[in-house]
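Okay, structure first, notes after.
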2 protein chains.
Amino acid sequence: MNIGQAAERCGLPAKTIRYYEDIGLIRPARRANGYRDYDDGDVHKLRFLQRARRLGFSIDDCRHLLSLYEDESRASADVKALARARVDEIDARIAELQSLRATLAHLISACHGDDRPDCPILDDLAGVGRPRKTPVGQ
Amino acid sequence: MNIGQAAERCGLPAKTIRYYEDIGLIRPARRANGYRDYDDGDVHKLRFLQRARRLGFSIDDCRHLLSLYEDESRASADVKALARARVDEIDARIAELQSLRATLAHLISACHGDDRPDCPILDDLAGVGRPRKTPVGQ
DNA sequence: TCTTGACCTTCCTGTAACTGGAGCGTTTAT
DNA sequence: ATAAACGCTCCAGTTACAGGAAGGTCAAGA
């Protein structure tokens with residue numbers, strides 16, 4: 001099938017599918033006219049990639065997952081380790097965002113937010129008050 | 001002062017400071033030898049930028065915040081609105097990450113993670129089982 | 001004076017993972 | 001016959017810088 005139909009079936013834009021080919025994730029057949037020709041196996045792989053990306057795996061992770069998927073003798077522990085690493089990344093990111101959120105919420109609550117120019121948010125960014133050492137995150 | 005000293009005082013790498021100049025965020029003086037020459041006001045602005053970036057404001061947000069900061073007749077409501085928008089972005093991102101985390105944690109708990117090749121994580125990515133409609137996020 | 005090393009300069013490239021568009025050829029339907 | 005819809009490749013842009021090359025400048029020591 002043509003790339004348009006493959007795109008429809010896997011849920012990825014055609015542009016993305018071509019990009020995945022550029023970086024060596026898939027290698028569809030070509031017809032005489034130069035058009036890419038996808039079979040069901042290709043679409044299956046593309047769907048695999050779409051799901052893995054949606055779960056936040058990097059392209060490199062996806063490459064790895066795909067090779068594990070195609071390796072009949074893989075150990076499920078390898079996959080589990082990849083997934084655990086993803087969860088750790090996610091946890092770190094969530095913690096960081098929650099810290100930022102708390103700082104911003106605090107500043108927002110301190111700002112009267114009217115037509116007057118004085119603003120604790122800007123004051124904080126400008127470093128008004130005691131010099132802060134690592135006030136948020138890091 | 002030279003860029004190295006300014007970098008040390010504001011907590012940003014010299015590369016980043018030059019980049020901020022490229023995109024028009026700051027405009028330090030130049031000496032006869034072509035070296036950038038930062039005064040205390042410049043360093044103050046750079047520190048402002050460093051703090052705003054650390055709070056997750058985009059460069060465009062920073063540009064906006066800086067212009068508000070320099071506008072003596074600004075309304076604090078404008079700043080508050082920017083900060084609120086940031087909090088909304090953060091909340092959305094956190095929710096998304098938590099959803100991803102839950103899905104991954106579920107798959108991880110279902111995977112025995114040993115030397116055997118069968119793996120529910122890969123099965124899920126491959127679409128084994130009932131076809132999922134938008135299982136996570138979005 | 002010469003040299004060494006630490007700075008500084010500009011410019012180019014690369015990152016992640018695509019997206020948009022130009023300019024062109026092909027297929028399909030009317 | 002022609003127009004729409006699709007396909008192709010290649011190039012540029014996105015975010016916010018980081019790394020490095022090639023070269024100029026400056027202060028200190030031998």
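Labels for the structure tokens follow display order: chains A, B, ..., residues from 1 in each chain, ligands from 1.
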
Do a neighbour search on range 108-113 of chain A at 7 Å with only C-alpha atoms (C1' of nucleotides), toss out local chain neighbours closer than 4 positions, and write the hits as a PDB file with N, CA and C atoms, in the first residue's frame.
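The new file part.pdb reads:
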ATOM      1  N   LEU A 104       5.932  29.118  41.563  1.00  0.00           N
ATOM      2  CA  LEU A 104       5.104  30.050  40.798  1.00  0.00           C
ATOM      3  C   LEU A 104       3.801  30.349  41.530  1.00  0.00           C
ATOM      4  N   CYS A 119       5.035  44.475  41.713  1.00  0.00           N
ATOM      5  CA  CYS A 119       4.701  43.075  41.445  1.00  0.00           C
ATOM      6  C   CYS A 119       5.751  42.166  42.069  1.00  0.00           C
ATOM      7  N   PRO A 120       5.333  41.339  43.023  1.00  0.00           N
ATOM      8  CA  PRO A 120       6.283  40.442  43.700  1.00  0.00           C
ATOM      9  C   PRO A 120       6.910  39.422  42.755  1.00  0.00           C
ATOM     10  N   ILE A 121       6.218  39.117  41.682  1.00  0.00           N
ATOM     11  CA  ILE A 121       6.776  38.138  40.739  1.00  0.00           C
ATOM     12  C   ILE A 121       8.020  38.732  40.082  1.00  0.00           C
TER      13      ILE A 121
ATOM     14  N   SER B  76       0.585  44.964  37.253  1.00  0.00           N
ATOM     15  CA  SER B  76       1.031  43.673  37.786  1.00  0.00           C
ATOM     16  C   SER B  76       0.133  42.543  37.286  1.00  0.00           C
ATOM     17  N   ALA B  77      -1.097  42.886  36.889  1.00  0.00           N
ATOM     18  CA  ALA B  77      -2.008  41.867  36.366  1.00  0.00           C
ATOM     19  C   ALA B  77      -1.418  41.183  35.131  1.00  0.00           C
ATOM     20  N   LYS B  80       1.035  38.653  36.320  1.00  0.00           N
ATOM     21  CA  LYS B  80       0.318  37.557  36.959  1.00  0.00           C
ATOM     22  C   LYS B  80      -0.292  36.628  35.912  1.00  0.00           C
ATOM     23  N   ALA B  83       2.343  34.357  34.532  1.00  0.00           N
ATOM     24  CA  ALA B  83       2.704  33.321  35.497  1.00  0.00           C
ATOM     25  C   ALA B  83       1.605  32.269  35.592  1.00  0.00           C
TER      26      ALA B  83
END

Report as CSV: every residue of chain B with an atom at most 8 Å from chain A, its closest pair of atoms, and their distance in Å to one decimal, counting only C-alpha atoms, with rows sorted by chain and ascending residue number.
residue,atom,partner,partner_atom,distance
B:His44,CA,A:Ala126,CA,7.1
B:Lys45,CA,A:Ala126,CA,7.6
B:Arg47,CA,A:Ala126,CA,7.1
B:Phe48,CA,A:Ala126,CA,5.0
B:Leu49,CA,A:Leu125,CA,7.8
B:Arg51,CA,A:Leu125,CA,5.7
B:Ala52,CA,A:Leu125,CA,6.2
B:Arg54,CA,A:Val136,CA,7.9
B:Leu55,CA,A:Leu100,CA,5.9
B:Gly56,CA,A:Leu100,CA,7.5
B:Leu65,CA,A:Leu122,CA,7.7
B:Tyr69,CA,A:Leu122,CA,6.4
B:Glu72,CA,A:Pro117,CA,6.7
B:Ser73,CA,A:Pro117,CA,5.8
B:Arg74,CA,A:Pro117,CA,5.0
B:Ala75,CA,A:Asp115,CA,4.3
B:Ser76,CA,A:Gly113,CA,4.8
B:Ala77,CA,A:Gly113,CA,3.7
B:Asp78,CA,A:Gly113,CA,7.3
B:Val79,CA,A:Ile121,CA,7.2
B:Lys80,CA,A:Gly113,CA,5.8
B:Ala83,CA,A:Leu104,CA,6.7
B:Arg84,CA,A:Ile108,CA,7.3
B:Val87,CA,A:Arg101,CA,5.9
B:Ile90,CA,A:Leu97,CA,6.4
B:Asp91,CA,A:Arg101,CA,7.8
B:Ile94,CA,A:Ile94,CA,5.9
B:Leu97,CA,A:Ile90,CA,6.4
B:Gln98,CA,A:Ile94,CA,7.7
B:Leu100,CA,A:Leu55,CA,5.9
B:Arg101,CA,A:Val87,CA,5.9
B:Leu104,CA,A:Ala83,CA,6.7
B:Ala105,CA,A:Val87,CA,7.3
B:Ile108,CA,A:Lys80,CA,6.1
B:Cys111,CA,A:Lys80,CA,6.9
B:His112,CA,A:Ser76,CA,7.2
B:Gly113,CA,A:Ala77,CA,3.7
B:Asp114,CA,A:Ala77,CA,4.8
B:Asp115,CA,A:Ala75,CA,4.3
B:Arg116,CA,A:Ala75,CA,5.1
B:Pro117,CA,A:Ala75,CA,4.7
B:Asp118,CA,A:Ser76,CA,6.2
B:Cys119,CA,A:Ser76,CA,5.2
B:Ile121,CA,A:Val79,CA,7.2
B:Leu122,CA,A:Tyr69,CA,6.4
B:Leu125,CA,A:Phe48,CA,5.1
B:Ala126,CA,A:Phe48,CA,5.0
B:Gly127,CA,A:Phe48,CA,7.3
B:Val136,CA,A:Leu55,CA,7.8

Those selected residues, please, written with N, CA and C atoms and delivered as a compact mmCIF listing (two decimals), in the first residue's frame.
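Resulting contents of part19.txt:
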# COMPACT_ATOMS: atom_id res chain seq x y z
N HIS B 44 22.42 42.48 36.07
CA HIS B 44 21.12 42.39 36.72
C HIS B 44 20.08 41.77 35.79
N LYS B 45 20.08 42.25 34.55
CA LYS B 45 19.16 41.68 33.56
C LYS B 45 19.44 40.21 33.31
N ARG B 47 20.74 38.13 35.30
CA ARG B 47 20.29 37.35 36.45
C ARG B 47 18.78 37.17 36.41
N PHE B 48 18.11 38.23 36.00
CA PHE B 48 16.65 38.17 35.82
C PHE B 48 16.30 37.06 34.83
N LEU B 49 17.01 37.05 33.72
CA LEU B 49 16.75 36.03 32.69
C LEU B 49 17.05 34.64 33.22
N ARG B 51 16.88 33.55 36.24
CA ARG B 51 15.84 33.11 37.18
C ARG B 51 14.55 32.76 36.44
N ALA B 52 14.19 33.59 35.47
CA ALA B 52 12.95 33.33 34.74
C ALA B 52 13.05 32.02 33.96
N ARG B 54 14.90 29.50 34.71
CA ARG B 54 14.91 28.40 35.66
C ARG B 54 13.50 28.08 36.13
N LEU B 55 12.64 29.10 36.09
CA LEU B 55 11.24 28.85 36.43
C LEU B 55 10.46 28.30 35.24
N GLY B 56 11.14 28.08 34.14
CA GLY B 56 10.49 27.43 33.02
C GLY B 56 9.83 28.36 32.03
N LEU B 65 8.54 39.37 29.89
CA LEU B 65 8.73 39.72 31.30
C LEU B 65 9.75 40.84 31.45
N TYR B 69 9.24 44.32 33.06
CA TYR B 69 10.10 44.73 34.16
C TYR B 69 10.63 46.15 33.94
N GLU B 72 7.91 51.08 33.60
CA GLU B 72 7.57 51.60 34.93
C GLU B 72 6.06 51.67 35.16
N SER B 73 5.30 51.69 34.07
CA SER B 73 3.86 51.86 34.23
C SER B 73 3.08 50.56 33.95
N ARG B 74 3.81 49.45 34.02
CA ARG B 74 3.15 48.16 33.77
C ARG B 74 2.06 47.90 34.81
N ALA B 75 1.17 46.98 34.49
CA ALA B 75 0.17 46.52 35.46
C ALA B 75 0.62 45.15 35.96
N SER B 76 0.58 44.96 37.25
CA SER B 76 1.03 43.67 37.79
C SER B 76 0.13 42.54 37.29
N ALA B 77 -1.10 42.89 36.89
CA ALA B 77 -2.01 41.87 36.37
C ALA B 77 -1.42 41.18 35.13
N ASP B 78 -0.68 41.94 34.33
CA ASP B 78 -0.08 41.36 33.13
C ASP B 78 0.93 40.28 33.49
N VAL B 79 1.73 40.58 34.48
CA VAL B 79 2.73 39.61 34.92
C VAL B 79 2.04 38.38 35.51
N LYS B 80 1.03 38.65 36.32
CA LYS B 80 0.32 37.56 36.96
C LYS B 80 -0.29 36.63 35.91
N ALA B 83 2.34 34.36 34.53
CA ALA B 83 2.70 33.32 35.50
C ALA B 83 1.60 32.27 35.59
N ARG B 84 0.35 32.72 35.53
CA ARG B 84 -0.76 31.76 35.58
C ARG B 84 -0.75 30.84 34.38
N VAL B 87 1.70 28.20 34.97
CA VAL B 87 1.20 27.17 35.90
C VAL B 87 0.25 26.23 35.16
N ILE B 90 2.24 23.86 33.18
CA ILE B 90 2.89 22.88 34.06
C ILE B 90 1.89 21.83 34.52
N ASP B 91 0.69 22.29 34.89
CA ASP B 91 -0.33 21.34 35.33
C ASP B 91 -0.67 20.33 34.23
N ILE B 94 2.18 17.89 33.89
CA ILE B 94 2.22 16.94 35.01
C ILE B 94 1.14 15.86 34.82
N LEU B 97 2.21 13.42 32.21
CA LEU B 97 3.28 12.53 32.68
C LEU B 97 2.73 11.50 33.67
N GLN B 98 1.81 11.92 34.50
CA GLN B 98 1.26 10.97 35.47
C GLN B 98 0.47 9.87 34.77
N LEU B 100 1.09 8.77 31.70
CA LEU B 100 2.10 7.89 31.11
C LEU B 100 2.70 6.98 32.17
N ARG B 101 2.98 7.57 33.29
CA ARG B 101 3.60 6.81 34.38
C ARG B 101 2.71 5.65 34.81
N LEU B 104 2.78 2.88 32.20
CA LEU B 104 4.04 2.14 32.23
C LEU B 104 4.13 1.27 33.49
N ALA B 105 3.71 1.83 34.62
CA ALA B 105 3.81 1.07 35.87
C ALA B 105 2.94 -0.18 35.79
N ILE B 108 4.74 -2.68 33.64
CA ILE B 108 5.91 -3.21 34.34
C ILE B 108 5.48 -4.27 35.35
N CYS B 111 4.86 -7.60 33.83
CA CYS B 111 5.98 -8.26 33.15
C CYS B 111 6.84 -8.99 34.18
N HIS B 112 7.03 -10.29 33.99
CA HIS B 112 7.80 -11.05 34.99
C HIS B 112 9.26 -10.64 35.02
N GLY B 113 9.79 -10.17 33.89
CA GLY B 113 11.14 -9.62 33.89
C GLY B 113 12.22 -10.64 34.18
N ASP B 114 12.20 -11.74 33.45
CA ASP B 114 13.26 -12.74 33.64
C ASP B 114 13.89 -13.05 32.29
N ASP B 115 14.42 -14.26 32.15
CA ASP B 115 15.10 -14.60 30.90
C ASP B 115 14.15 -15.04 29.79
N ARG B 116 12.88 -15.25 30.16
CA ARG B 116 11.95 -15.71 29.12
C ARG B 116 11.60 -14.57 28.18
N PRO B 117 11.27 -14.90 26.94
CA PRO B 117 11.05 -13.86 25.94
C PRO B 117 9.65 -13.23 25.99
N ASP B 118 8.68 -13.91 26.58
CA ASP B 118 7.34 -13.33 26.52
C ASP B 118 7.25 -12.13 27.45
N CYS B 119 6.67 -11.03 26.94
CA CYS B 119 6.72 -9.76 27.66
C CYS B 119 5.47 -8.94 27.39
N ILE B 121 4.87 -5.97 28.03
CA ILE B 121 5.15 -4.61 27.59
C ILE B 121 5.24 -4.58 26.07
N LEU B 122 6.03 -5.51 25.52
CA LEU B 122 6.13 -5.58 24.07
C LEU B 122 4.79 -5.95 23.45
N LEU B 125 2.75 -2.87 23.20
CA LEU B 125 3.24 -1.99 22.13
C LEU B 125 2.87 -2.56 20.77
N ALA B 126 2.91 -3.87 20.67
CA ALA B 126 2.60 -4.50 19.39
C ALA B 126 1.11 -4.55 19.13
N GLY B 127 0.31 -4.20 20.14
CA GLY B 127 -1.13 -4.20 19.95
C GLY B 127 -1.78 -5.54 20.17
N VAL B 136 -3.88 6.11 26.42
CA VAL B 136 -3.15 6.93 27.37
C VAL B 136 -3.06 8.36 26.86

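Between C1' of DA1 in chain D and CA of Arg36 in chain A there is a distance of 28.4 Å.
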
Excluding range 2-17 of chain C and any residue of its chain fewer than 3 positions from it, enumerate the residues within 10 Å of it, using only C-alpha atoms (C1' of nucleotides), and give them as a short mmCIF file (atom, residue, chain, number, x, y, z; two decimals) with C-alpha atoms (C1' of nucleotides), in the first residue's frame.
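After the write, around.cif holds the following:
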data_model
loop_
_atom_site.label_atom_id
_atom_site.label_comp_id
_atom_site.auth_asym_id
_atom_site.auth_seq_id
_atom_site.Cartn_x
_atom_site.Cartn_y
_atom_site.Cartn_z
CA THR A 16 6.93 11.09 10.20
CA TYR A 19 11.51 10.44 8.70
CA TYR A 20 11.55 7.06 10.43
CA SER A 58 12.86 8.24 22.79
CA ILE A 59 13.64 7.28 19.23
CA ASN B 2 34.28 40.91 30.39
CA ILE B 3 31.82 38.19 29.52
CA GLY B 4 33.55 35.65 31.73
CA ASN B 33 39.24 45.68 21.20
CA GLY B 34 35.81 44.26 20.34
CA TYR B 35 35.27 42.65 23.72
CA ARG B 36 31.79 42.89 25.22
"C1'" DT D 15 13.92 25.34 20.96
"C1'" DC D 17 21.51 26.44 23.45
"C1'" DA D 18 26.57 23.41 23.38
"C1'" DG D 19 30.85 22.15 21.11
"C1'" DG D 20 34.54 23.27 18.47
"C1'" DA D 21 37.58 25.53 14.93
"C1'" DA D 22 40.38 29.40 13.73
"C1'" DG D 23 42.12 33.36 15.17
"C1'" DG D 24 42.82 37.97 17.99
"C1'" DT D 25 44.09 40.03 22.82
"C1'" DC D 26 46.11 40.52 27.22
"C1'" DA D 27 48.89 39.91 31.45
"C1'" DA D 28 52.61 37.54 33.60
"C1'" DG D 29 56.89 35.19 33.84
"C1'" DA D 30 61.75 33.74 31.93
#

Practice item. List the neighbours of DA4 in chain D out to 12 Å using only C-alpha atoms (C1' of nucleotides); skip same-chain residues closer than 4 positions along the sequence, and give me the result as a PyMOL selection string. Key: chain C and resi 27-30

Review point. Once you count only C-alpha atoms (C1' of nucleotides), which residues of chain D turn out to be within 9 Å of chain A? Could you give them as a ChimeraX atom specification?
Key: /D:6-8

Would you save the residues of that selection, restricted to all heavy atoms, as a PDB file, in the first residue's frame?
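Saved as result-v3.pdb:
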ATOM      1  P    DC D   6      -5.764  12.488  -1.244  1.00  0.00           P
ATOM      2  OP1  DC D   6      -6.538  11.363  -0.684  1.00  0.00           O
ATOM      3  OP2  DC D   6      -5.680  13.786  -0.548  1.00  0.00           O
ATOM      4  O5'  DC D   6      -4.278  11.978  -1.517  1.00  0.00           O
ATOM      5  C5'  DC D   6      -4.126  10.726  -2.152  1.00  0.00           C
ATOM      6  C4'  DC D   6      -2.821  10.665  -2.889  1.00  0.00           C
ATOM      7  O4'  DC D   6      -2.626  11.826  -3.724  1.00  0.00           O
ATOM      8  C3'  DC D   6      -1.564  10.679  -2.016  1.00  0.00           C
ATOM      9  O3'  DC D   6      -1.222   9.346  -1.668  1.00  0.00           O
ATOM     10  C2'  DC D   6      -0.504  11.275  -2.931  1.00  0.00           C
ATOM     11  C1'  DC D   6      -1.282  11.773  -4.150  1.00  0.00           C
ATOM     12  N1   DC D   6      -0.845  13.097  -4.654  1.00  0.00           N
ATOM     13  C2   DC D   6       0.074  13.147  -5.691  1.00  0.00           C
ATOM     14  O2   DC D   6       0.501  12.094  -6.161  1.00  0.00           O
ATOM     15  N3   DC D   6       0.497  14.351  -6.154  1.00  0.00           N
ATOM     16  C4   DC D   6      -0.002  15.465  -5.613  1.00  0.00           C
ATOM     17  N4   DC D   6       0.437  16.627  -6.100  1.00  0.00           N
ATOM     18  C5   DC D   6      -0.954  15.428  -4.555  1.00  0.00           C
ATOM     19  C6   DC D   6      -1.344  14.231  -4.110  1.00  0.00           C
ATOM     20  P    DG D   7      -0.048   9.124  -0.622  1.00  0.00           P
ATOM     21  OP1  DG D   7      -0.147   7.712  -0.202  1.00  0.00           O
ATOM     22  OP2  DG D   7      -0.069  10.218   0.357  1.00  0.00           O
ATOM     23  O5'  DG D   7       1.249   9.311  -1.526  1.00  0.00           O
ATOM     24  C5'  DG D   7       1.615   8.317  -2.459  1.00  0.00           C
ATOM     25  C4'  DG D   7       2.829   8.732  -3.247  1.00  0.00           C
ATOM     26  O4'  DG D   7       2.508   9.949  -3.965  1.00  0.00           O
ATOM     27  C3'  DG D   7       4.045   9.120  -2.407  1.00  0.00           C
ATOM     28  O3'  DG D   7       4.922   8.026  -2.279  1.00  0.00           O
ATOM     29  C2'  DG D   7       4.736  10.192  -3.252  1.00  0.00           C
ATOM     30  C1'  DG D   7       3.693  10.650  -4.223  1.00  0.00           C
ATOM     31  N9   DG D   7       3.398  12.074  -4.115  1.00  0.00           N
ATOM     32  C8   DG D   7       2.431  12.675  -3.350  1.00  0.00           C
ATOM     33  N7   DG D   7       2.406  13.977  -3.470  1.00  0.00           N
ATOM     34  C5   DG D   7       3.417  14.248  -4.368  1.00  0.00           C
ATOM     35  C6   DG D   7       3.870  15.478  -4.883  1.00  0.00           C
ATOM     36  O6   DG D   7       3.463  16.614  -4.644  1.00  0.00           O
ATOM     37  N1   DG D   7       4.931  15.301  -5.766  1.00  0.00           N
ATOM     38  C2   DG D   7       5.470  14.085  -6.117  1.00  0.00           C
ATOM     39  N2   DG D   7       6.484  14.108  -6.972  1.00  0.00           N
ATOM     40  N3   DG D   7       5.054  12.928  -5.648  1.00  0.00           N
ATOM     41  C4   DG D   7       4.034  13.084  -4.781  1.00  0.00           C
ATOM     42  P    DC D   8       6.223   8.232  -1.384  1.00  0.00           P
ATOM     43  OP1  DC D   8       6.844   6.902  -1.258  1.00  0.00           O
ATOM     44  OP2  DC D   8       5.833   8.984  -0.186  1.00  0.00           O
ATOM     45  O5'  DC D   8       7.185   9.161  -2.277  1.00  0.00           O
ATOM     46  C5'  DC D   8       7.750   8.633  -3.464  1.00  0.00           C
ATOM     47  C4'  DC D   8       8.705   9.637  -4.090  1.00  0.00           C
ATOM     48  O4'  DC D   8       7.952  10.782  -4.548  1.00  0.00           O
ATOM     49  C3'  DC D   8       9.722  10.215  -3.120  1.00  0.00           C
ATOM     50  O3'  DC D   8      10.887   9.418  -3.085  1.00  0.00           O
ATOM     51  C2'  DC D   8      10.024  11.571  -3.734  1.00  0.00           C
ATOM     52  C1'  DC D   8       8.766  11.942  -4.474  1.00  0.00           C
ATOM     53  N1   DC D   8       7.947  13.008  -3.835  1.00  0.00           N
ATOM     54  C2   DC D   8       8.180  14.339  -4.170  1.00  0.00           C
ATOM     55  O2   DC D   8       9.083  14.587  -4.986  1.00  0.00           O
ATOM     56  N3   DC D   8       7.430  15.305  -3.608  1.00  0.00           N
ATOM     57  C4   DC D   8       6.470  14.979  -2.740  1.00  0.00           C
ATOM     58  N4   DC D   8       5.750  15.960  -2.217  1.00  0.00           N
ATOM     59  C5   DC D   8       6.227  13.628  -2.370  1.00  0.00           C
ATOM     60  C6   DC D   8       6.986  12.683  -2.932  1.00  0.00           C
TER      61       DC D   8
END

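Going from CA of Ser67 in chain A to CA of Ile26 in chain A covers 11.3 Å.
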
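Minimum atom-to-atom distance to chain C, evaluated using only C-alpha atoms (C1' of nucleotides), belongs to B:Asp22 out of B:Glu70, B:Asp60, B:Asp42, B:Asp22.
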
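What separates CA of Ala6 in chain B from CA of Tyr38 in chain B is a distance of 6.7 Å.
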
Practice item. Write out as a PyMOL selection string every residue belonging to chain C that has an atom at most 8 Å from any atom of chain A, counting only C-alpha atoms (C1' of nucleotides). Key: chain C and resi 18-19+26

Practice item. Could you give me the residues within chain B that DSSP places in helix (DSSP H, G or I), as JSON, numbers by chain? Key: {"B": [3, 4, 5, 6, 7, 8, 9, 10, 14, 15, 16, 17, 18, 19, 20, 21, 22, 40, 41, 42, 43, 44, 45, 46, 47, 48, 49, 50, 51, 52, 53, 54, 59, 60, 61, 62, 63, 64, 65, 66, 67, 68, 69, 70, 76, 77, 78, 79, 80, 81, 82, 83, 84, 85, 86, 87, 88, 89, 90, 91, 92, 93, 94, 95, 96, 97, 98, 99, 100, 101, 102, 103, 104, 105, 106, 107, 108, 109, 110, 120, 121, 122, 123, 124, 125, 126]}
